[in-house]
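Chemist: The structure follows.
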Amino acid sequence: MAVNFLSLLILKTKAKLFYLLIYLKKTMRNKKYILIVGMLFLLFGGYFIADKLLFSGVKPRAVDGNGFQANFFAKKSIKNSPTVILVGGGQWGDYWGQQFAQKGLVGLSLPYIGKEGLPELPEEIELTYFENVLTWLKAQTEVNPNKIVVMGASRNAELALVLASVFPKHIRGVVAYAPSAVSWSNTVLPYNSNEIKASWKYKGIDIPYLPMDKIKGNKTSKIEMEGYWLDGLAKKELLQKAMIRVEKINGPILLFSGTDDKVWPSSVMADLIEKRLAEHAFEHAFLNIKYDNAGHLIANNPEHKERLRAGRVNIDGKEYAYEFGGTEDGDFKAKQEAKIKLMEFIDKL
């Protein structure tokens with residue numbers, strides 16, 4: 001609808017400029033004004049012609065007012081197509097939404113925090129928000145309601161796995177980059193509130209989680225992140241209660257991780273997921289793909305090399321650097337190979 005409105009606006013504006021040019025010719029006989037208006041006409045029209053020629057992708061349709069916010073990527077001719085929900089949205093979600101749409105699929109780049117009308121922080125996120133999304137998606141002619149999958153990276157991979165386990169009638173597969181095997185408390189993120197809470201809830205009830213104290217700073221300028229999560233995974237009794245019920249997922253699961261992930265032990269947690277699925281005789285296809293020399297950023301744009309090798313985090317008012325893990329070449333190779341595997345996975349839905 002937004003695209004049609006823009007097209008109409010362009011046509012009306014061009015028409016107004018055309019008639020204005022004729023009017024000036026007949027009444028003003030002023031070459032200066034004719035030249036100015038003519039130049040404006042050429043610049044305005046040229047911009048949209050150039051935009052059409054240079055942009056070869058699929059422009060998203062902004063979705064708002066249905067109880068959620070998202071960018072919907074689909075070619076106009078697409079009907080009844082497999083659909084991927086990109087949990088977390090943003091530039092990451094828009095990139096992958098574009099990639100899927102260009103291949104004749106549907107992509108929905110879906111934020112759930114940080115925008116007007118959405119929660120500010122990722123804590124006690126109500127999963128009915130995503131239930132509304134699923135209801136809306138299944139009513140779209142572009143979408144095959146029986147081939148909706150979710151995809152996320154890092155904590156959004158955690159959420160993607162949770163969603164698929166909670167809504168098995170609606171979600172038929174998961175792609176998780178740098179995944180988690182458990183639901184963590186809100187306090188694993190330093191900028192969240194200090195009170196330990198669930199990260200995810202459904203109809204007011206907490207999704208079982210592993211409670212964690214916030215990470216502590218030190219006297220140096222660097223922080224080692226991986227050990228913090230390994231300490232949490234060592235809490236065996238709490239771990240079992242917080243494990244994501246991945247066996248309830250009603251479709252194939254694809255996991256990607258880097259064995260040198262320094263942000264959190266994604267390969268370790270991928271193995272925990274695999275172990276749980278085996279214990280429950282999981283019926284659907286499952287792939288646990290791990291890449292050596294790759295770190296936490298393997299979900300990012302496969303066409304770009306990750307030259308930034310460390311991030312920054314504020315802990316109790318002090319800035320610390322932390323490593324992403326992997327190498328520039330290792331991440332790049334992993335991302336490119338993973339994209340191929342990802343598209344093969346989607347093709348088999």
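In the structure tokens, each chain is lettered A, B, ... as it comes, each chain's residues begin at 1, and ligands are numbered from 1 in order of appearance.
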What's the 6 Å shell around Ala153 (chain A), counting only C-alpha atoms, without same-chain residues fewer than 5 positions away, as a list of chain:residue names?
Modeler: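 In the requested form, the answer reads A:Ala176, A:Tyr177, A:Ala178.
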Chemist: Against region 296-320 of chain A, which residues of region 64-116 of chain A fall within 12 Å? For each one I want the closest pair of atoms and the distance in Å (one decimal), counting only C-alpha atoms, rows by chain and increasing residue number, as a Markdown table.
Modeler:
```
| residue | atom | partner | partner_atom | distance |
| --- | --- | --- | --- | --- |
| A:Leu86 | CA | A:Ala299 | CA | 11.5 |
| A:Gly90 | CA | A:Asn300 | CA | 11.8 |
| A:Gln91 | CA | A:Asn300 | CA | 9.6 |
| A:Trp92 | CA | A:Asn300 | CA | 6.8 |
| A:Gly93 | CA | A:Asn300 | CA | 9.9 |
| A:Asp94 | CA | A:Asn301 | CA | 10.7 |
| A:Tyr95 | CA | A:Asn301 | CA | 7.3 |
| A:Trp96 | CA | A:Asn301 | CA | 8.3 |
| A:Gly97 | CA | A:Asn301 | CA | 11.8 |
| A:Gln98 | CA | A:Asn301 | CA | 11.5 |
| A:Gln99 | CA | A:Asn301 | CA | 10.2 |
```
Chemist: Could those selected residues go to a file with C-alpha atoms, as a PDB file, in the first residue's frame?
Modeler:
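Result went into again-v5.pdb, see below:
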```pdb
ATOM      1  CA  LEU A  86      13.845 -12.795  11.099  1.00  0.00           C
ATOM      2  CA  GLY A  90      17.029  -4.285  12.171  1.00  0.00           C
ATOM      3  CA  GLN A  91      19.702  -4.207   9.486  1.00  0.00           C
ATOM      4  CA  TRP A  92      20.365  -7.902  10.025  1.00  0.00           C
ATOM      5  CA  GLY A  93      16.719  -8.832   9.505  1.00  0.00           C
ATOM      6  CA  ASP A  94      16.346  -6.511   6.520  1.00  0.00           C
ATOM      7  CA  TYR A  95      19.434  -7.996   4.853  1.00  0.00           C
ATOM      8  CA  TRP A  96      18.181 -11.556   5.172  1.00  0.00           C
ATOM      9  CA  GLY A  97      14.606 -10.578   4.304  1.00  0.00           C
ATOM     10  CA  GLN A  98      15.945  -9.135   1.065  1.00  0.00           C
ATOM     11  CA  GLN A  99      17.980 -12.278   0.359  1.00  0.00           C
TER      12      GLN A  99
END
```
Chemist: Counting only C-alpha atoms, which residue out of A:Glu131, A:Asp213, A:Glu124, A:Asp231 sits closest to Lys169 (chain A)?
Modeler: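 Closest residue, counting only C-alpha atoms: A:Glu131.
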Chemist: For Pro252 (chain A), which of A:Ser165, A:Ser199, A:Thr128, A:Asn293 is the closest residue, counting only C-alpha atoms?
Modeler: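 Ranking A:Ser165, A:Ser199, A:Thr128, A:Asn293 by distance to Pro252 (chain A), first place goes to A:Ser165.
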Chemist: At a cut-off of 9 Å, using only C-alpha atoms, what residues contact Gly258 (chain A)? Leave out same-chain residues fewer than 6 positions from it and give the result as a PDB file with N, CA and C atoms, in the first residue's frame.
Modeler:
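And here's out33.pdb as it stands now:
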```
ATOM      1  N   ALA A 178      24.711 -19.217  16.211  1.00  0.00           N
ATOM      2  CA  ALA A 178      25.285 -19.017  17.552  1.00  0.00           C
ATOM      3  C   ALA A 178      24.204 -19.212  18.615  1.00  0.00           C
ATOM      4  N   PRO A 265      29.442 -19.672  24.618  1.00  0.00           N
ATOM      5  CA  PRO A 265      29.851 -20.983  24.079  1.00  0.00           C
ATOM      6  C   PRO A 265      28.780 -21.588  23.181  1.00  0.00           C
ATOM      7  N   SER A 266      28.587 -21.002  22.015  1.00  0.00           N
ATOM      8  CA  SER A 266      27.488 -21.424  21.143  1.00  0.00           C
ATOM      9  C   SER A 266      27.655 -22.857  20.644  1.00  0.00           C
ATOM     10  N   SER A 267      28.892 -23.278  20.369  1.00  0.00           N
ATOM     11  CA  SER A 267      29.097 -24.661  19.914  1.00  0.00           C
ATOM     12  C   SER A 267      28.786 -25.661  21.024  1.00  0.00           C
ATOM     13  N   ILE A 289      25.928 -27.619  12.533  1.00  0.00           N
ATOM     14  CA  ILE A 289      27.103 -27.304  11.724  1.00  0.00           C
ATOM     15  C   ILE A 289      28.013 -26.350  12.490  1.00  0.00           C
ATOM     16  N   LYS A 290      29.257 -26.782  12.680  1.00  0.00           N
ATOM     17  CA  LYS A 290      30.231 -25.973  13.430  1.00  0.00           C
ATOM     18  C   LYS A 290      31.421 -25.641  12.538  1.00  0.00           C
ATOM     19  N   TYR A 291      31.918 -24.417  12.690  1.00  0.00           N
ATOM     20  CA  TYR A 291      33.021 -23.940  11.858  1.00  0.00           C
ATOM     21  C   TYR A 291      34.224 -23.580  12.722  1.00  0.00           C
ATOM     22  N   ASP A 292      35.362 -24.190  12.393  1.00  0.00           N
ATOM     23  CA  ASP A 292      36.607 -23.827  13.065  1.00  0.00           C
ATOM     24  C   ASP A 292      37.055 -22.435  12.609  1.00  0.00           C
ATOM     25  N   ASN A 293      37.783 -21.762  13.471  1.00  0.00           N
ATOM     26  CA  ASN A 293      38.312 -20.419  13.177  1.00  0.00           C
ATOM     27  C   ASN A 293      37.212 -19.382  12.979  1.00  0.00           C
ATOM     28  N   ALA A 294      36.002 -19.706  13.425  1.00  0.00           N
ATOM     29  CA  ALA A 294      34.883 -18.766  13.328  1.00  0.00           C
ATOM     30  C   ALA A 294      34.396 -18.421  14.726  1.00  0.00           C
ATOM     31  N   GLY A 295      33.892 -17.195  14.873  1.00  0.00           N
ATOM     32  CA  GLY A 295      33.445 -16.720  16.168  1.00  0.00           C
ATOM     33  C   GLY A 295      31.948 -16.452  16.220  1.00  0.00           C
ATOM     34  N   HIS A 296      31.587 -15.387  16.918  1.00  0.00           N
ATOM     35  CA  HIS A 296      30.182 -15.115  17.219  1.00  0.00           C
ATOM     36  C   HIS A 296      29.431 -14.448  16.068  1.00  0.00           C
ATOM     37  N   LEU A 297      30.155 -13.876  15.107  1.00  0.00           N
ATOM     38  CA  LEU A 297      29.511 -13.021  14.109  1.00  0.00           C
ATOM     39  C   LEU A 297      29.182 -13.730  12.799  1.00  0.00           C
ATOM     40  N   ILE A 298      29.024 -15.034  12.834  1.00  0.00           N
ATOM     41  CA  ILE A 298      28.835 -15.765  11.577  1.00  0.00           C
ATOM     42  C   ILE A 298      27.454 -15.561  10.963  1.00  0.00           C
ATOM     43  N   GLY A 325      35.802 -13.472  18.825  1.00  0.00           N
ATOM     44  CA  GLY A 325      36.336 -14.785  18.488  1.00  0.00           C
ATOM     45  C   GLY A 325      36.445 -14.991  16.991  1.00  0.00           C
ATOM     46  N   GLY A 326      37.163 -16.044  16.619  1.00  0.00           N
ATOM     47  CA  GLY A 326      37.362 -16.341  15.212  1.00  0.00           C
ATOM     48  C   GLY A 326      38.396 -15.431  14.576  1.00  0.00           C
ATOM     49  N   GLY A 330      38.324 -16.747   8.783  1.00  0.00           N
ATOM     50  CA  GLY A 330      37.503 -17.849   9.284  1.00  0.00           C
ATOM     51  C   GLY A 330      36.029 -17.494   9.325  1.00  0.00           C
ATOM     52  N   ASP A 331      35.720 -16.295   9.798  1.00  0.00           N
ATOM     53  CA  ASP A 331      34.329 -15.842   9.823  1.00  0.00           C
ATOM     54  C   ASP A 331      33.760 -15.727   8.413  1.00  0.00           C
ATOM     55  N   ALA A 334      33.078 -19.112   6.908  1.00  0.00           N
ATOM     56  CA  ALA A 334      31.938 -19.737   7.587  1.00  0.00           C
ATOM     57  C   ALA A 334      30.623 -19.105   7.141  1.00  0.00           C
TER      58      ALA A 334
END
```
Chemist: Write out as a VMD selection string which residues come within 7 Å of region 217-225 of chain A when counting only C-alpha atoms, dropping same-chain ones fewer than 6 positions away.
Modeler: chain A and resid 262 to 264 315 320 to 322
Chemist: Residues of region 132-207 of chain A within 12 Å of region 103-122 of chain A: nearest atom pair and distance (Å, one decimal) for each, counting only C-alpha atoms, sorted by chain and number, as a tab-separated table?
Modeler:
```
residue	atom	partner	partner_atom	distance
A:Asn132	CA	A:Leu110	CA	11.9
A:Val133	CA	A:Leu110	CA	8.9
A:Leu134	CA	A:Leu108	CA	10.7
A:Trp136	CA	A:Leu108	CA	11.4
A:Leu137	CA	A:Leu108	CA	9.0
A:Lys138	CA	A:Val106	CA	11.8
A:Gln140	CA	A:Val106	CA	10.4
A:Thr141	CA	A:Val106	CA	10.7
A:Glu142	CA	A:Val106	CA	7.2
A:Val143	CA	A:Val106	CA	6.8
A:Asn144	CA	A:Val106	CA	9.2
A:Pro145	CA	A:Val106	CA	11.4
A:Lys147	CA	A:Val106	CA	10.4
A:Ile148	CA	A:Val106	CA	9.3
A:Val149	CA	A:Gly107	CA	9.9
A:Val150	CA	A:Leu108	CA	9.5
A:Met151	CA	A:Ser109	CA	10.0
A:Gly152	CA	A:Leu110	CA	10.3
A:Arg155	CA	A:Pro122	CA	9.6
A:Asn156	CA	A:Pro122	CA	10.1
A:Leu159	CA	A:Pro122	CA	10.5
A:Ala160	CA	A:Leu110	CA	11.5
A:Trp184	CA	A:Pro122	CA	11.1
A:Ser185	CA	A:Pro122	CA	10.0
A:Asn186	CA	A:Pro122	CA	7.0
A:Thr187	CA	A:Pro122	CA	9.9
A:Val188	CA	A:Pro122	CA	10.5
A:Leu189	CA	A:Pro122	CA	8.7
A:Pro190	CA	A:Leu121	CA	11.0
A:Tyr191	CA	A:Leu121	CA	8.2
A:Asn192	CA	A:Leu121	CA	6.4
A:Ser193	CA	A:Leu121	CA	8.5
A:Lys197	CA	A:Pro122	CA	10.5
A:Ala198	CA	A:Pro122	CA	9.6
A:Ser199	CA	A:Pro122	CA	6.4
A:Trp200	CA	A:Pro122	CA	8.3
A:Lys201	CA	A:Pro122	CA	11.2
```
Chemist: Next, write the just-selected residues to a file, as a CSV table (one decimal), in the first residue's frame, keeping C-alpha atoms as the atom set.
Modeler:
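Printed below is part.csv as written:
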```
chain,number,residue,atom,x,y,z
A,132,ASN,CA,-0.2,-12.0,16.6
A,133,VAL,CA,2.6,-12.0,14.0
A,134,LEU,CA,1.9,-15.6,13.1
A,136,TRP,CA,-1.3,-12.1,10.5
A,137,LEU,CA,1.3,-13.9,8.4
A,138,LYS,CA,-0.9,-16.9,7.8
A,140,GLN,CA,-1.3,-13.2,3.7
A,141,THR,CA,-1.6,-14.6,0.2
A,142,GLU,CA,2.2,-14.6,-0.3
A,143,VAL,CA,2.7,-16.9,2.6
A,144,ASN,CA,2.4,-20.7,2.8
A,145,PRO,CA,0.8,-21.1,6.3
A,147,LYS,CA,5.9,-23.4,5.8
A,148,ILE,CA,6.7,-20.7,8.3
A,149,VAL,CA,10.1,-20.9,10.0
A,150,VAL,CA,11.9,-18.6,12.4
A,151,MET,CA,15.6,-17.5,12.3
A,152,GLY,CA,17.7,-15.7,14.8
A,155,ARG,CA,20.0,-14.3,22.0
A,156,ASN,CA,17.6,-14.0,19.1
A,159,LEU,CA,14.2,-16.7,21.3
A,160,ALA,CA,13.7,-18.3,17.9
A,184,TRP,CA,18.5,-17.1,30.4
A,185,SER,CA,17.4,-14.6,32.9
A,186,ASN,CA,17.2,-10.9,31.9
A,187,THR,CA,20.3,-10.2,34.0
A,188,VAL,CA,22.7,-11.8,31.5
A,189,LEU,CA,22.7,-8.4,29.7
A,190,PRO,CA,24.4,-5.7,31.8
A,191,TYR,CA,22.1,-2.9,30.6
A,192,ASN,CA,18.9,-4.7,31.8
A,193,SER,CA,17.4,-4.1,35.2
A,197,LYS,CA,13.4,-11.8,35.8
A,198,ALA,CA,12.4,-14.1,32.9
A,199,SER,CA,13.5,-12.9,29.5
A,200,TRP,CA,10.4,-14.4,27.9
A,201,LYS,CA,6.8,-14.9,29.1
```
Chemist: Write down as a PDB file with C-alpha atoms, in the first residue's frame the residues of region 131-324 of chain A whose backbone DSSP state falls under helix (DSSP H, G or I).
Modeler:
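Saved as states-v7.pdb:
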```
ATOM      1  CA  GLU A 131       1.486 -15.042  18.177  1.00  0.00           C
ATOM      2  CA  ASN A 132      -0.158 -11.968  16.616  1.00  0.00           C
ATOM      3  CA  VAL A 133       2.553 -11.982  13.958  1.00  0.00           C
ATOM      4  CA  LEU A 134       1.880 -15.626  13.112  1.00  0.00           C
ATOM      5  CA  THR A 135      -1.867 -15.034  12.846  1.00  0.00           C
ATOM      6  CA  TRP A 136      -1.302 -12.094  10.499  1.00  0.00           C
ATOM      7  CA  LEU A 137       1.275 -13.922   8.394  1.00  0.00           C
ATOM      8  CA  LYS A 138      -0.943 -16.937   7.812  1.00  0.00           C
ATOM      9  CA  ARG A 155      20.012 -14.281  22.007  1.00  0.00           C
ATOM     10  CA  ASN A 156      17.564 -13.979  19.140  1.00  0.00           C
ATOM     11  CA  ALA A 157      18.480 -17.567  18.256  1.00  0.00           C
ATOM     12  CA  GLU A 158      17.512 -18.445  21.822  1.00  0.00           C
ATOM     13  CA  LEU A 159      14.199 -16.679  21.283  1.00  0.00           C
ATOM     14  CA  ALA A 160      13.658 -18.338  17.891  1.00  0.00           C
ATOM     15  CA  LEU A 161      14.055 -21.781  19.464  1.00  0.00           C
ATOM     16  CA  VAL A 162      11.706 -20.813  22.302  1.00  0.00           C
ATOM     17  CA  LEU A 163       9.077 -19.564  19.845  1.00  0.00           C
ATOM     18  CA  ALA A 164       9.207 -22.748  17.787  1.00  0.00           C
ATOM     19  CA  SER A 165       8.822 -24.847  20.940  1.00  0.00           C
ATOM     20  CA  VAL A 166       5.856 -22.782  22.197  1.00  0.00           C
ATOM     21  CA  ASN A 186      17.229 -10.892  31.876  1.00  0.00           C
ATOM     22  CA  THR A 187      20.294 -10.169  33.997  1.00  0.00           C
ATOM     23  CA  VAL A 188      22.715 -11.761  31.538  1.00  0.00           C
ATOM     24  CA  GLU A 226      32.711 -16.961  27.577  1.00  0.00           C
ATOM     25  CA  GLY A 227      33.534 -18.049  31.133  1.00  0.00           C
ATOM     26  CA  TYR A 228      30.496 -16.207  32.486  1.00  0.00           C
ATOM     27  CA  TRP A 229      28.158 -18.400  30.451  1.00  0.00           C
ATOM     28  CA  LEU A 230      30.096 -21.596  31.142  1.00  0.00           C
ATOM     29  CA  ASP A 231      29.662 -20.923  34.863  1.00  0.00           C
ATOM     30  CA  GLY A 232      25.915 -20.751  34.257  1.00  0.00           C
ATOM     31  CA  LEU A 233      25.875 -24.004  32.310  1.00  0.00           C
ATOM     32  CA  LYS A 236      23.294 -28.643  36.517  1.00  0.00           C
ATOM     33  CA  GLU A 237      20.039 -28.629  38.480  1.00  0.00           C
ATOM     34  CA  LEU A 238      19.044 -25.172  37.256  1.00  0.00           C
ATOM     35  CA  LEU A 239      20.225 -26.029  33.756  1.00  0.00           C
ATOM     36  CA  GLN A 240      17.763 -28.898  33.349  1.00  0.00           C
ATOM     37  CA  LYS A 241      14.812 -26.701  34.283  1.00  0.00           C
ATOM     38  CA  ALA A 242      15.898 -23.947  31.903  1.00  0.00           C
ATOM     39  CA  VAL A 246      13.459 -28.196  21.506  1.00  0.00           C
ATOM     40  CA  GLU A 247      11.909 -31.658  21.196  1.00  0.00           C
ATOM     41  CA  LYS A 248       8.517 -29.934  20.823  1.00  0.00           C
ATOM     42  CA  SER A 266      27.488 -21.424  21.143  1.00  0.00           C
ATOM     43  CA  SER A 267      29.097 -24.661  19.914  1.00  0.00           C
ATOM     44  CA  VAL A 268      28.831 -26.171  23.396  1.00  0.00           C
ATOM     45  CA  MET A 269      25.174 -25.197  23.570  1.00  0.00           C
ATOM     46  CA  ALA A 270      24.536 -26.496  20.048  1.00  0.00           C
ATOM     47  CA  ASP A 271      25.831 -29.859  21.254  1.00  0.00           C
ATOM     48  CA  LEU A 272      23.485 -29.694  24.257  1.00  0.00           C
ATOM     49  CA  ILE A 273      20.583 -29.151  21.864  1.00  0.00           C
ATOM     50  CA  GLU A 274      21.697 -32.121  19.771  1.00  0.00           C
ATOM     51  CA  LYS A 275      21.955 -34.303  22.884  1.00  0.00           C
ATOM     52  CA  ARG A 276      18.463 -33.360  24.048  1.00  0.00           C
ATOM     53  CA  LEU A 277      16.952 -34.054  20.638  1.00  0.00           C
ATOM     54  CA  ALA A 278      18.600 -37.478  20.544  1.00  0.00           C
ATOM     55  CA  GLU A 279      17.273 -38.288  24.020  1.00  0.00           C
TER      56      GLU A 279
END
```
Chemist: Using Å and a single decimal, report how far CA of Leu210 (chain A) sits from CA of Gly251 (chain A).
Modeler: 25.6 Å
Chemist: DSSP on the backbone: what in region 179-349 of chain A comes out strand (DSSP E or B), as a PyMOL selection string?
Modeler: chain A and resi 182+184-185+198+200-202+205-206+210+222+243+253-258+261+286-291+294+310-315+318-323+325-326
Chemist: Report the distance between CA of Asp329 (chain A) and CA of Asp260 (chain A) in Å, rounded to one decimal place.
Modeler: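 For CA of Asp329 (chain A) relative to CA of Asp260 (chain A), the distance reads 12.9 Å.
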